[in-house]
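Shown below: query38.txt, with compact mmCIF, C-alpha atoms.
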```
# COMPACT_ATOMS: atom_id res chain seq x y z
CA MET A 25 -217.88 135.05 -78.12
CA LEU A 26 -214.82 134.48 -75.97
CA HIS A 27 -215.28 131.60 -73.53
CA ILE A 28 -214.38 132.28 -69.91
CA LYS A 29 -213.77 128.63 -68.94
CA PRO A 30 -210.42 128.27 -70.77
CA ILE A 31 -209.24 131.52 -69.19
CA LEU A 32 -210.16 130.29 -65.71
CA SER A 33 -208.39 127.00 -66.40
CA SER A 34 -205.27 128.87 -67.46
CA LEU A 35 -205.35 131.00 -64.31
CA MET A 36 -205.77 127.93 -62.11
CA ARG A 37 -202.73 126.23 -63.64
CA SER A 38 -200.51 129.08 -62.41
CA LYS A 39 -202.14 130.21 -59.19
CA SER A 40 -199.40 132.16 -57.42
CA GLY A 41 -199.30 135.19 -59.76
CA PRO A 42 -203.08 135.71 -60.06
CA VAL A 43 -203.62 135.10 -56.31
CA LEU A 44 -200.99 137.68 -55.33
CA LEU A 45 -202.48 140.15 -57.80
CA LEU A 46 -205.96 139.41 -56.46
CA LEU A 47 -204.81 140.21 -52.92
CA GLN A 48 -203.21 143.41 -54.14
CA ILE A 49 -206.46 144.49 -55.79
CA VAL A 50 -208.48 143.64 -52.66
CA LEU A 51 -206.24 145.80 -50.49
CA SER A 52 -206.10 148.57 -53.08
CA VAL A 53 -209.88 148.82 -53.32
CA ALA A 54 -210.32 148.80 -49.53
CA ILE A 55 -207.65 151.43 -48.95
CA VAL A 56 -208.45 153.64 -51.95
CA ALA A 57 -212.18 153.75 -51.10
CA ASN A 58 -211.60 154.80 -47.49
CA ALA A 59 -208.74 157.15 -48.33
CA SER A 60 -210.84 158.86 -51.01
CA PHE A 61 -213.69 159.29 -48.55
CA ILE A 62 -211.39 160.84 -45.93
CA ILE A 63 -209.89 163.16 -48.56
CA HIS A 64 -213.38 164.29 -49.56
CA GLU A 65 -214.33 164.86 -45.91
CA ARG A 66 -211.22 166.95 -45.27
CA LEU A 67 -211.66 169.04 -48.41
CA THR A 68 -215.32 169.63 -47.54
CA MET A 69 -214.33 170.82 -44.07
CA MET A 70 -211.74 173.20 -45.52
CA GLN A 71 -214.29 174.68 -47.92
CA ARG A 72 -216.93 175.49 -45.28
CA ASP A 73 -218.20 179.06 -45.39
CA SER A 74 -217.05 180.81 -42.21
CA GLY A 75 -219.52 183.68 -42.56
CA LEU A 76 -216.54 186.07 -42.29
CA LEU A 77 -214.72 188.34 -44.72
CA GLU A 78 -211.51 186.39 -44.22
CA GLU A 79 -209.40 188.28 -46.77
CA GLN A 80 -210.38 191.65 -45.27
CA ILE A 81 -209.76 190.98 -41.56
CA LEU A 82 -206.50 191.66 -39.72
CA THR A 83 -206.08 190.65 -36.07
CA PHE A 84 -203.39 191.60 -33.54
CA ASN A 85 -202.68 191.74 -29.81
CA VAL A 86 -201.75 194.61 -27.51
CA TYR A 87 -199.87 194.07 -24.22
CA ASN A 88 -199.93 197.05 -21.85
CA PHE A 89 -197.28 197.45 -19.14
CA ASP A 90 -198.32 200.80 -17.67
CA PRO A 91 -199.72 200.08 -14.16
CA ALA A 92 -201.66 203.33 -14.12
CA ILE A 93 -203.50 202.65 -17.34
CA ASP A 94 -207.28 203.16 -17.49
CA ASN A 95 -208.30 200.06 -19.44
CA VAL A 96 -211.72 201.33 -20.48
CA LEU A 97 -210.44 204.70 -21.66
CA GLN A 98 -207.37 203.23 -23.37
CA ASN A 99 -209.57 200.73 -25.21
CA GLU A 100 -211.84 203.51 -26.46
CA VAL A 101 -208.86 205.59 -27.57
CA ASP A 102 -207.21 202.66 -29.34
CA GLN A 103 -210.34 201.76 -31.26
CA GLN A 104 -210.83 205.36 -32.29
CA ILE A 105 -207.22 205.48 -33.52
CA LEU A 106 -207.80 202.35 -35.59
CA ARG A 107 -210.99 203.68 -37.18
CA THR A 108 -209.31 206.94 -38.22
CA LEU A 109 -206.32 205.24 -39.89
CA PRO A 110 -206.19 205.46 -43.70
CA ASN A 111 -207.75 202.47 -45.52
CA VAL A 112 -209.33 201.05 -42.33
CA ILE A 113 -213.01 200.29 -42.91
CA GLU A 114 -213.92 199.24 -39.35
CA ALA A 115 -212.31 198.07 -36.09
CA SER A 116 -213.38 196.44 -32.84
CA SER A 117 -211.97 194.71 -29.80
CA THR A 118 -212.69 191.03 -29.29
CA ASN A 119 -212.01 188.29 -26.76
CA MET A 120 -211.16 185.64 -29.38
CA VAL A 121 -210.16 185.23 -33.01
CA PRO A 122 -212.28 182.97 -35.25
CA LEU A 123 -210.62 179.77 -36.52
CA SER A 124 -207.64 180.34 -34.22
CA GLY A 125 -207.98 177.22 -32.07
CA SER A 126 -208.20 179.35 -28.92
CA GLY A 127 -211.19 181.08 -27.40
CA TRP A 128 -214.21 180.93 -25.14
CA MET A 129 -217.06 178.42 -25.02
CA ASP A 130 -220.25 178.66 -23.01
CA ARG A 131 -223.90 177.67 -23.01
CA TYR A 132 -227.17 179.32 -21.97
CA VAL A 133 -230.23 177.77 -20.36
CA ASP A 134 -233.83 178.78 -20.99
CA SER A 135 -235.02 179.05 -17.40
CA ALA A 136 -233.85 180.35 -14.05
CA ASP A 137 -235.23 177.17 -12.47
CA GLU A 138 -232.40 174.61 -12.45
CA ASN A 139 -234.89 171.74 -12.23
CA THR A 140 -236.70 172.63 -15.46
CA ALA A 141 -234.05 174.56 -17.39
CA GLU A 142 -233.03 173.18 -20.77
CA SER A 143 -229.47 173.87 -21.86
CA MET A 144 -228.46 175.09 -25.30
CA PRO A 145 -225.65 173.28 -27.12
CA GLY A 146 -222.19 174.58 -26.32
CA PHE A 147 -221.18 177.56 -28.47
CA ALA A 148 -218.24 179.86 -29.15
CA LEU A 149 -218.74 183.05 -27.14
CA TYR A 150 -217.56 186.27 -28.77
CA LEU A 151 -217.52 189.49 -26.78
CA GLY A 152 -217.69 192.71 -28.76
CA ASN A 153 -219.31 196.06 -29.35
CA GLU A 154 -221.62 197.44 -32.04
CA HIS A 155 -218.73 197.49 -34.54
CA LEU A 156 -217.82 193.79 -34.35
CA LEU A 157 -220.48 192.55 -36.79
CA ASN A 158 -219.37 195.05 -39.42
CA VAL A 159 -215.72 194.05 -38.91
CA MET A 160 -216.56 190.39 -39.40
CA GLY A 161 -218.87 191.03 -42.32
CA SER A 162 -221.45 188.71 -40.80
CA LYS A 163 -224.95 189.04 -42.25
CA LEU A 164 -227.91 189.67 -39.94
CA VAL A 165 -230.92 187.60 -41.03
CA ASP A 166 -233.19 188.39 -38.09
CA GLY A 167 -233.38 191.07 -35.40
CA ARG A 168 -230.83 193.86 -35.01
CA ASN A 169 -227.28 194.76 -34.02
CA PHE A 170 -226.18 196.23 -30.67
CA ARG A 171 -226.59 199.96 -30.09
CA PRO A 172 -223.69 202.06 -28.69
CA GLU A 173 -225.52 202.76 -25.43
CA GLU A 174 -226.07 199.02 -24.85
CA ILE A 175 -222.39 198.04 -24.70
CA ASN A 176 -221.01 196.79 -21.37
CA THR A 177 -217.36 196.64 -20.34
CA GLN A 178 -217.56 194.02 -17.57
CA LEU A 179 -218.77 190.43 -17.50
CA ASP A 180 -220.97 190.93 -14.43
CA GLN A 181 -222.95 193.95 -15.62
CA SER A 182 -226.68 193.88 -16.24
CA GLY A 183 -228.43 194.47 -19.55
CA MET A 184 -226.77 191.59 -21.36
CA LEU A 185 -227.78 191.09 -25.00
CA ALA A 186 -226.76 188.44 -27.50
CA ILE A 187 -226.71 187.75 -31.23
CA VAL A 188 -226.70 184.06 -32.16
CA SER A 189 -225.70 182.19 -35.31
CA LYS A 190 -228.51 180.70 -37.40
CA PRO A 191 -227.29 177.07 -37.02
CA LEU A 192 -227.37 177.46 -33.23
CA ALA A 193 -230.82 179.04 -33.32
CA GLU A 194 -232.16 176.21 -35.48
CA ALA A 195 -230.56 173.57 -33.27
CA PHE A 196 -232.30 174.90 -30.14
CA TRP A 197 -235.47 176.68 -31.32
CA GLY A 198 -236.10 174.96 -34.64
CA ASP A 199 -238.05 177.18 -37.05
CA GLU A 200 -239.11 179.55 -34.26
CA SER A 201 -237.40 182.94 -34.16
CA PRO A 202 -235.20 183.36 -31.06
CA VAL A 203 -235.39 187.16 -31.18
CA GLY A 204 -236.87 188.44 -27.93
CA LYS A 205 -236.18 185.22 -26.04
CA THR A 206 -234.64 185.50 -22.58
CA MET A 207 -231.86 183.10 -21.71
CA TYR A 208 -229.87 182.60 -18.51
CA GLN A 209 -226.17 182.39 -17.78
CA GLY A 210 -225.80 181.68 -14.10
CA LYS A 211 -227.74 184.49 -12.40
CA GLN A 212 -227.59 186.78 -15.41
CA THR A 213 -230.37 187.19 -17.94
CA ILE A 214 -229.51 187.57 -21.62
CA GLU A 215 -231.95 188.78 -24.25
CA ILE A 216 -231.53 187.47 -27.77
CA ILE A 217 -231.80 190.43 -30.15
CA GLY A 218 -230.44 189.11 -33.46
CA VAL A 219 -229.45 186.19 -35.66
CA VAL A 220 -226.51 186.07 -38.11
CA ASP A 221 -226.54 183.73 -41.07
CA LYS A 222 -223.12 182.14 -40.36
CA LEU A 223 -220.44 182.61 -37.74
CA GLN A 224 -217.90 179.88 -37.02
CA GLY A 225 -216.03 179.42 -33.75
CA ALA A 226 -212.35 178.92 -33.04
CA TRP A 227 -212.04 175.11 -33.23
CA VAL A 228 -212.36 173.69 -36.74
CA ASN A 229 -212.71 170.10 -35.52
CA HIS A 230 -215.37 170.79 -32.88
CA GLU A 231 -218.82 169.30 -33.45
CA ASN A 232 -220.40 172.67 -32.55
CA PHE A 233 -218.10 174.66 -34.84
CA GLU A 234 -221.04 176.47 -36.47
CA TYR A 235 -222.62 177.45 -33.13
CA SER A 236 -221.61 180.97 -32.05
CA VAL A 237 -222.89 183.86 -29.93
CA ILE A 238 -221.82 187.51 -29.75
CA GLN A 239 -222.48 189.21 -26.42
CA ASN A 240 -222.54 193.00 -25.91
CA ILE A 241 -219.31 193.34 -23.92
CA ASP A 242 -216.43 195.49 -25.16
CA PHE A 243 -213.83 193.05 -23.90
CA GLY A 244 -210.90 195.40 -24.49
CA GLY A 245 -212.07 197.59 -21.63
CA GLY A 246 -211.85 194.87 -19.00
CA PHE A 247 -208.22 193.82 -19.20
CA LYS A 248 -204.78 195.32 -19.85
CA ASN A 249 -204.05 192.92 -22.70
CA LYS A 250 -206.34 193.21 -25.68
CA THR A 251 -207.09 191.69 -29.06
CA TYR A 252 -208.34 193.80 -31.95
CA MET A 253 -209.89 193.00 -35.32
CA VAL A 254 -209.50 195.46 -38.18
CA ARG A 255 -211.28 195.35 -41.52
CA ALA A 256 -209.64 196.68 -44.67
CA LEU A 257 -209.43 195.76 -48.33
CA PRO A 258 -207.00 192.87 -49.01
CA GLU A 259 -204.54 195.07 -50.88
CA HIS A 260 -204.23 197.37 -47.84
CA ILE A 261 -203.75 194.63 -45.21
CA PRO A 262 -199.94 194.15 -45.58
CA ALA A 263 -199.16 197.83 -44.96
CA LEU A 264 -201.39 198.18 -41.91
CA GLU A 265 -199.08 196.43 -39.44
CA GLU A 266 -196.44 199.17 -39.54
CA VAL A 267 -199.07 201.93 -39.54
CA ILE A 268 -200.88 200.50 -36.49
CA ILE A 269 -197.71 199.97 -34.47
CA LYS A 270 -196.56 203.53 -35.19
CA ALA A 271 -199.96 205.05 -34.30
CA PHE A 272 -200.32 203.06 -31.06
CA HIS A 273 -196.80 203.80 -29.86
CA ALA A 274 -197.29 207.48 -30.61
CA GLU A 275 -200.26 207.49 -28.23
CA ASN A 276 -198.70 205.24 -25.53
CA PRO A 277 -195.19 203.77 -25.94
CA ASN A 278 -195.41 201.52 -22.85
CA ARG A 279 -196.84 198.50 -24.65
CA VAL A 280 -196.09 195.77 -27.13
CA ILE A 281 -198.12 195.31 -30.31
CA ASP A 282 -197.65 191.99 -32.09
CA GLY A 283 -199.38 188.82 -33.34
CA PHE A 284 -200.49 190.40 -36.63
CA SER A 285 -202.26 187.92 -38.85
CA SER A 286 -204.93 188.11 -41.52
CA LEU A 287 -207.89 185.85 -40.91
CA SER A 288 -207.17 184.04 -44.16
CA GLU A 289 -203.71 183.14 -42.79
CA THR A 290 -205.28 182.03 -39.53
CA LYS A 291 -207.73 179.81 -41.40
CA LYS A 292 -204.94 178.33 -43.50
CA GLY A 293 -203.00 177.45 -40.34
CA ALA A 294 -206.09 175.96 -38.70
CA TYR A 295 -206.51 173.50 -41.58
CA ASN A 296 -202.82 172.63 -42.02
CA ASN A 297 -203.26 169.11 -40.60
CA HIS A 298 -206.29 168.47 -42.79
CA ARG A 299 -204.43 169.72 -45.86
CA LEU A 300 -201.43 167.55 -45.06
CA MET A 301 -203.61 164.48 -44.54
CA ALA A 302 -205.44 165.04 -47.83
CA THR A 303 -202.13 165.43 -49.66
CA LEU A 304 -200.56 162.31 -48.16
CA LEU A 305 -203.66 160.20 -48.78
CA SER A 306 -203.86 161.45 -52.37
CA MET A 307 -200.26 160.41 -52.94
CA MET A 308 -200.99 157.02 -51.40
CA VAL A 309 -204.02 156.49 -53.66
CA ILE A 310 -202.01 157.35 -56.76
CA LEU A 311 -199.16 155.09 -55.65
CA LEU A 312 -201.49 152.14 -54.99
CA LEU A 313 -203.17 152.49 -58.39
CA LEU A 314 -199.77 152.73 -60.06
CA ILE A 315 -198.45 149.64 -58.28
CA THR A 316 -201.57 147.66 -59.17
CA ALA A 317 -201.35 148.75 -62.80
CA LEU A 318 -197.66 147.77 -62.96
CA GLY A 319 -198.46 144.42 -61.36
CA LEU A 320 -201.05 143.63 -64.02
CA THR A 321 -198.78 144.82 -66.80
CA GLY A 322 -195.99 142.61 -65.51
CA MET A 323 -198.26 139.58 -65.24
CA VAL A 324 -199.57 140.02 -68.78
CA MET A 325 -196.07 140.45 -70.20
CA PHE A 326 -194.92 137.34 -68.35
CA ASN A 327 -197.88 135.39 -69.70
CA ILE A 328 -197.11 136.57 -73.22
CA GLN A 329 -193.57 135.23 -72.95
CA ARG A 330 -194.83 131.99 -71.45
CA ARG A 331 -197.66 131.51 -73.94
CA THR A 332 -195.96 132.57 -77.16
CA LYS A 333 -196.48 129.14 -78.72
CA GLN A 334 -200.12 129.03 -77.64
CA ILE A 335 -200.77 132.47 -79.09
CA GLY A 336 -199.08 131.51 -82.36
CA THR A 337 -201.11 128.30 -82.54
CA ARG A 338 -204.36 130.18 -82.02
CA ARG A 339 -203.39 132.66 -84.74
CA ALA A 340 -202.64 129.71 -87.08
CA LEU A 341 -206.08 128.27 -86.34
CA GLY A 342 -207.75 131.50 -87.40
CA ALA A 343 -207.86 133.64 -84.24
CA LYS A 344 -207.89 137.33 -85.06
CA LYS A 345 -205.80 139.99 -83.33
CA ARG A 346 -208.82 141.27 -81.43
CA ASP A 347 -209.43 137.74 -80.08
CA ILE A 348 -205.94 137.71 -78.55
CA VAL A 349 -206.48 141.19 -77.05
CA ASN A 350 -209.89 140.16 -75.72
CA TYR A 351 -208.38 137.10 -74.08
CA PHE A 352 -206.00 139.14 -71.94
CA MET A 353 -208.62 141.84 -71.25
CA VAL A 354 -211.14 139.26 -70.00
CA GLU A 355 -208.41 137.67 -67.87
CA ASN A 356 -207.75 141.11 -66.38
CA TYR A 357 -211.44 141.79 -65.76
CA LEU A 358 -211.97 138.45 -64.02
CA ILE A 359 -209.18 139.15 -61.56
CA CYS A 360 -210.21 142.80 -61.05
CA ILE A 361 -213.92 142.09 -60.58
CA ALA A 362 -213.25 139.27 -58.11
CA GLY A 363 -210.74 141.39 -56.21
CA GLY A 364 -213.01 144.43 -56.45
CA LEU A 365 -216.00 142.65 -54.91
CA ILE A 366 -213.95 141.28 -52.01
CA GLY A 367 -212.18 144.64 -51.64
CA ALA A 368 -215.51 146.52 -51.56
CA MET A 369 -216.75 144.35 -48.70
CA LEU A 370 -213.45 144.84 -46.88
CA ALA A 371 -213.68 148.60 -47.51
CA LEU A 372 -217.11 148.79 -45.84
CA GLN A 373 -215.85 146.79 -42.87
CA LEU A 374 -212.77 148.99 -42.58
CA GLY A 375 -215.02 152.04 -42.82
CA GLN A 376 -217.04 150.85 -39.83
CA GLN A 377 -213.85 150.44 -37.80
CA LEU A 378 -212.67 153.94 -38.73
CA MET A 379 -216.11 155.30 -37.85
CA SER A 380 -215.97 153.85 -34.34
CA LEU A 381 -212.32 154.68 -33.67
CA TYR A 382 -212.05 158.18 -35.17
CA ASN A 383 -215.64 159.44 -35.13
CA LEU A 384 -215.85 159.51 -38.93
CA PRO A 385 -219.15 159.32 -40.85
CA MET A 386 -220.13 155.95 -42.30
CA LEU A 387 -218.42 155.16 -45.60
CA PRO A 388 -221.01 155.52 -48.41
CA VAL A 389 -221.20 152.48 -50.68
CA THR A 390 -220.55 154.73 -53.66
CA TYR A 391 -216.87 155.01 -52.71
CA PRO A 392 -216.05 151.26 -52.99
CA ILE A 393 -218.02 151.14 -56.24
CA ALA A 394 -216.10 154.14 -57.59
CA ALA A 395 -212.82 152.56 -56.47
CA VAL A 396 -213.62 149.36 -58.37
CA ILE A 397 -214.62 151.29 -61.50
CA GLY A 398 -211.49 153.44 -61.28
CA LEU A 399 -209.34 150.36 -60.86
CA LEU A 400 -210.95 148.72 -63.90
CA LEU A 401 -210.17 151.81 -66.00
CA VAL A 402 -206.55 151.97 -64.81
CA THR A 403 -205.92 148.26 -65.33
CA THR A 404 -207.57 148.36 -68.75
CA LEU A 405 -204.97 150.90 -69.85
CA ALA A 406 -202.22 148.89 -68.16
CA VAL A 407 -203.15 145.64 -69.91
CA MET A 408 -204.00 147.11 -73.31
CA LEU A 409 -200.43 147.76 -74.49
CA PRO A 410 -198.97 144.33 -73.72
CA ALA A 411 -202.15 142.71 -75.09
CA LEU A 412 -201.74 144.60 -78.36
CA LYS A 413 -198.14 143.45 -78.44
CA ALA A 414 -199.27 139.84 -78.00
CA ALA A 415 -201.74 140.22 -80.86
CA LYS A 416 -198.87 141.04 -83.23
CA ILE A 417 -197.21 137.64 -82.72
CA SER A 418 -197.33 135.76 -86.05
CA PRO A 419 -197.72 131.96 -86.32
CA ALA A 420 -194.26 131.71 -87.94
CA MET A 421 -192.55 133.58 -85.06
CA ALA A 422 -194.30 131.39 -82.51
CA THR A 423 -193.08 128.24 -84.26
CA ARG A 424 -189.48 129.43 -84.37
CA SER A 425 -189.57 130.26 -80.66
CA VAL A 426 -190.28 126.64 -79.68
```
Would you mind writing the structure in this file as structure tokens?
Amino acid sequence: MLHIKPILSSLMRSKSGPVLLLLQIVLSVAIVANASFIIHERLTMMQRDSGLLEEQILTFNVYNFDPAIDNVLQNEVDQQILRTLPNVIEASSTNMVPLSGSGWMDRYVDSADENTAESMPGFALYLGNEHLLNVMGSKLVDGRNFRPEEINTQLDQSGMLAIVSKPLAEAFWGDESPVGKTMYQGKQTIEIIGVVDKLQGAWVNHENFEYSVIQNIDFGGGFKNKTYMVRALPEHIPALEEVIIKAFHAENPNRVIDGFSSLSETKKGAYNNHRLMATLLSMMVILLLLITALGLTGMVMFNIQRRTKQIGTRRALGAKKRDIVNYFMVENYLICIAGGLIGAMLALQLGQQLMSLYNLPMLPVTYPIAAVIGLLLVTTLAVMLPALKAAKISPAMATRSV
């Protein structure tokens, strides 16, 4: 069995190289562990189910300039035009586009008495008619959808109804069904009539991103400028822009129709910063592992040149090739394990700092452990080739090199 004491003695005789390499490993483990955790967090965020048929939804804006326009009537006409267009499955007006970074937020309370009322968490507030759920593709898991006769066109009308997302319902009511509950928004009463499985809001970084409400207001009828959502099969989406503009201008040319975007494009744009961060951190992790591997390779090759006579002498005394390889592998493992342990502790400390500064979750201990294991694998490959080269040194060649 290979003794560790001679290896430690050899490392102590030339401290500068091993110490610098040790520091490099410490920093690599600390940075790689935290970077890998952040990459995983960002990728997990990007893969969240929105509860929407992203590939089938097209959104656009309409800006009306006719002062005599009847907003309610024009909104009804426009939606009817959209629903009769070829390849359009469904259409609805809306006050905000999911995942867009822009929209409405609100909260309800459970009592008209301000002294006893308990407030719901803040949520994204969608305004739409009975068609909006079908456009989004959101799945009702409790209650029902709006009926045509229940749709309002103004924010201050009575008879307000709401459909809430399941995460919001569970956050406020727990396992109890919210259907039939009466909530309050200022002086208005709102009856909860349904629950959808998933419906994300507009802000991908918001802590209440999964909390959403749809209220029975056809928002397109209240203002001159409107936003519409159209559902169609993905292969029909690209051609719809020209068809919609032509149909709308044929009905009323005094307006501008623009801002066409599929919801999948909107989602991609919303996560651009997360994607960029994950890419940059991945490149940094690869670069750090490469630099560490090259550092170890360089140190081993230097030691081979410096210890040629020693290696030849050991071979002459009966050391086998595997003994020479094992010597350099153990030397590598001693440095890596020592640096890995210190680096793991530094990684956890760095993780706590990132958690307090950037509101990140606590770094799981599995990430430093995985970083150390990964580093051991990389450095094993890096040291193996020069170690095999050292094992080929013959006693005769070592003597001649003196």
Just want the 8 Å neighbourhood of Tyr150 in chain A, counted on all atoms listed in the file, with same-chain residues fewer than 3 positions away dropped. Output as a count of residues only. 8
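Using all atoms listed in the file for every distance, the candidate list A:Pro419, A:Gly319, A:Pro110, A:Gly336 yields A:Pro110 as the residue closest to Leu264 in chain A.
For the set A:Ile397, A:Ala414, A:Val188, A:Ala226, the residue with the smallest atom-to-atom gap to Ile335 in chain A is A:Ala414, counting all atoms listed in the file.
Distances here use all atoms listed in the file; by that measure, the residue among A:Val309, A:Val267, A:Val228, A:Ala141 closest to Gln209 in chain A is A:Ala141.
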When distances are computed from all atoms listed in the file, which of A:Lys345, A:His260, A:Lys333, A:Lys250 shows the smallest separation from Phe84 in chain A?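 Once distances to Phe84 in chain A are computed over all atoms listed in the file, the minimum belongs to A:Lys250.
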CA of Val101 in chain A to CA of Asn88 in chain A: how many Å, to one decimal?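 Result for CA of Val101 in chain A versus CA of Asn88 in chain A: 13.6 Å, one decimal.
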Neighbours of Gly375 in chain A within 8 Å (only C-alpha atoms; same-chain residues fewer than 4 positions away dropped), as an MDAnalysis selection string? chainID A and resid 58 371 379 386:387
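Proximity ranking of A:Leu45, A:Ala148, A:Leu164, A:Ala186 relative to Asp221 in chain A places A:Leu164 first, based on only C-alpha atoms.
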So which residues touch Thr404 in chain A within 10 Å, counting all atoms listed in the file, skipping near sequence neighbours fewer than 4 positions away, as a list in words?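 Near neighbours after the sequence-gap exclusion: Ala317, Leu320, Thr321, Phe352, Met353, Val354, Asn356, Tyr357, Cys360, Gly398, Leu399, Leu400, Met408 and Leu409 of chain A.
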Residues near Pro191 in chain A, anyone? I mean within 9 Å using all atoms listed in the file, not counting same-chain ones fewer than 5 positions away, as an MDAnalysis selection string. chainID A and resid 196 221:223 234:236
My list of candidates is A:Ile81, A:Ala340, A:Lys416, A:Met308. Which is closest to Ile55 in chain A when distances are computed with only C-alpha atoms?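 Closest to Ile55 in chain A, using only C-alpha atoms: A:Met308.
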Interatomic distance (Å, one decimal) between CA of Ser189 in chain A and CA of Tyr295 in chain A: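 Taking CA of Ser189 in chain A and CA of Tyr295 in chain A, their separation equals 22.0 Å.
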One number please: CA of Val43 in chain A to CA of Gly364 in chain A, in Å, one decimal.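 Result for CA of Val43 in chain A versus CA of Gly364 in chain A: 13.2 Å, one decimal.
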Residues near Arg107 in chain A, cut-off 9 Å, only C-alpha atoms, skip fewer than 6 positions along chain, as a ChimeraX atom specification: /A:113-116,254
Output, as lines of an AutoDock Vina configuration file, the centre and edge lengths in Å (one decimal) of the axis-aligned box that contains all listed atoms of range 279-290 of chain A with 4 Å of margin on each side.
```
center_x = -202.0
center_y = 190.3
center_z = -34.4
size_x = 19.8
size_y = 24.5
size_z = 27.5
```
Please report as JSON lines every residue of range 217-285 of chain A lying within 6 Å of range 165-172 of chain A, along with the nearest atom pair and their distance in Å (one decimal), using all atoms listed in the file.
```
{"residue": "A:Ile217", "atom": "CA", "partner": "A:Gly167", "partner_atom": "CA", "distance": 5.5}
{"residue": "A:Gly218", "atom": "CA", "partner": "A:Gly167", "partner_atom": "CA", "distance": 4.0}
{"residue": "A:Val219", "atom": "CA", "partner": "A:Asp166", "partner_atom": "CA", "distance": 5.0}
{"residue": "A:Val220", "atom": "CA", "partner": "A:Val165", "partner_atom": "CA", "distance": 5.5}
{"residue": "A:Asp221", "atom": "CA", "partner": "A:Val165", "partner_atom": "CA", "distance": 5.8}
```
Model the absent atoms of range 312-323 of chain A so that N, CA, C and O atoms are present, and write the result as a PDB file, in the frame of the given file.
```pdb
ATOM      1  N   LEU A 312    -200.854 153.459 -54.977  1.00  0.00           N
ATOM      2  CA  LEU A 312    -201.490 152.140 -54.990  1.00  0.00           C
ATOM      3  C   LEU A 312    -202.017 151.782 -56.373  1.00  0.00           C
ATOM      4  O   LEU A 312    -201.859 150.651 -56.830  1.00  0.00           O
ATOM      5  N   LEU A 313    -202.650 152.756 -57.039  1.00  0.00           N
ATOM      6  CA  LEU A 313    -203.170 152.490 -58.390  1.00  0.00           C
ATOM      7  C   LEU A 313    -202.019 152.218 -59.349  1.00  0.00           C
ATOM      8  O   LEU A 313    -202.132 151.328 -60.221  1.00  0.00           O
ATOM      9  N   LEU A 314    -200.927 152.942 -59.193  1.00  0.00           N
ATOM     10  CA  LEU A 314    -199.770 152.730 -60.060  1.00  0.00           C
ATOM     11  C   LEU A 314    -199.165 151.346 -59.857  1.00  0.00           C
ATOM     12  O   LEU A 314    -198.843 150.634 -60.823  1.00  0.00           O
ATOM     13  N   ILE A 315    -199.020 150.957 -58.575  1.00  0.00           N
ATOM     14  CA  ILE A 315    -198.450 149.640 -58.280  1.00  0.00           C
ATOM     15  C   ILE A 315    -199.334 148.518 -58.818  1.00  0.00           C
ATOM     16  O   ILE A 315    -198.845 147.532 -59.390  1.00  0.00           O
ATOM     17  N   THR A 316    -200.651 148.674 -58.660  1.00  0.00           N
ATOM     18  CA  THR A 316    -201.570 147.660 -59.170  1.00  0.00           C
ATOM     19  C   THR A 316    -201.502 147.562 -60.688  1.00  0.00           C
ATOM     20  O   THR A 316    -201.490 146.465 -61.267  1.00  0.00           O
ATOM     21  N   ALA A 317    -201.435 148.737 -61.343  1.00  0.00           N
ATOM     22  CA  ALA A 317    -201.350 148.750 -62.800  1.00  0.00           C
ATOM     23  C   ALA A 317    -200.049 148.086 -63.265  1.00  0.00           C
ATOM     24  O   ALA A 317    -200.047 147.288 -64.221  1.00  0.00           O
ATOM     25  N   LEU A 318    -198.940 148.380 -62.596  1.00  0.00           N
ATOM     26  CA  LEU A 318    -197.660 147.770 -62.960  1.00  0.00           C
ATOM     27  C   LEU A 318    -197.681 146.260 -62.728  1.00  0.00           C
ATOM     28  O   LEU A 318    -197.106 145.489 -63.501  1.00  0.00           O
ATOM     29  N   GLY A 319    -198.343 145.847 -61.649  1.00  0.00           N
ATOM     30  CA  GLY A 319    -198.460 144.420 -61.360  1.00  0.00           C
ATOM     31  C   GLY A 319    -199.195 143.681 -62.471  1.00  0.00           C
ATOM     32  O   GLY A 319    -198.769 142.596 -62.915  1.00  0.00           O
ATOM     33  N   LEU A 320    -200.298 144.263 -62.933  1.00  0.00           N
ATOM     34  CA  LEU A 320    -201.050 143.630 -64.020  1.00  0.00           C
ATOM     35  C   LEU A 320    -200.265 143.636 -65.317  1.00  0.00           C
ATOM     36  O   LEU A 320    -200.259 142.652 -66.065  1.00  0.00           O
ATOM     37  N   THR A 321    -199.589 144.749 -65.588  1.00  0.00           N
ATOM     38  CA  THR A 321    -198.780 144.820 -66.800  1.00  0.00           C
ATOM     39  C   THR A 321    -197.693 143.748 -66.788  1.00  0.00           C
ATOM     40  O   THR A 321    -197.456 143.052 -67.782  1.00  0.00           O
ATOM     41  N   GLY A 322    -197.042 143.615 -65.649  1.00  0.00           N
ATOM     42  CA  GLY A 322    -195.990 142.610 -65.510  1.00  0.00           C
ATOM     43  C   GLY A 322    -196.513 141.199 -65.691  1.00  0.00           C
ATOM     44  O   GLY A 322    -195.871 140.354 -66.341  1.00  0.00           O
ATOM     45  N   MET A 323    -197.701 140.921 -65.119  1.00  0.00           N
ATOM     46  CA  MET A 323    -198.260 139.580 -65.240  1.00  0.00           C
ATOM     47  C   MET A 323    -198.616 139.263 -66.687  1.00  0.00           C
ATOM     48  O   MET A 323    -198.352 138.153 -67.181  1.00  0.00           O
TER      49      MET A 323
END
```
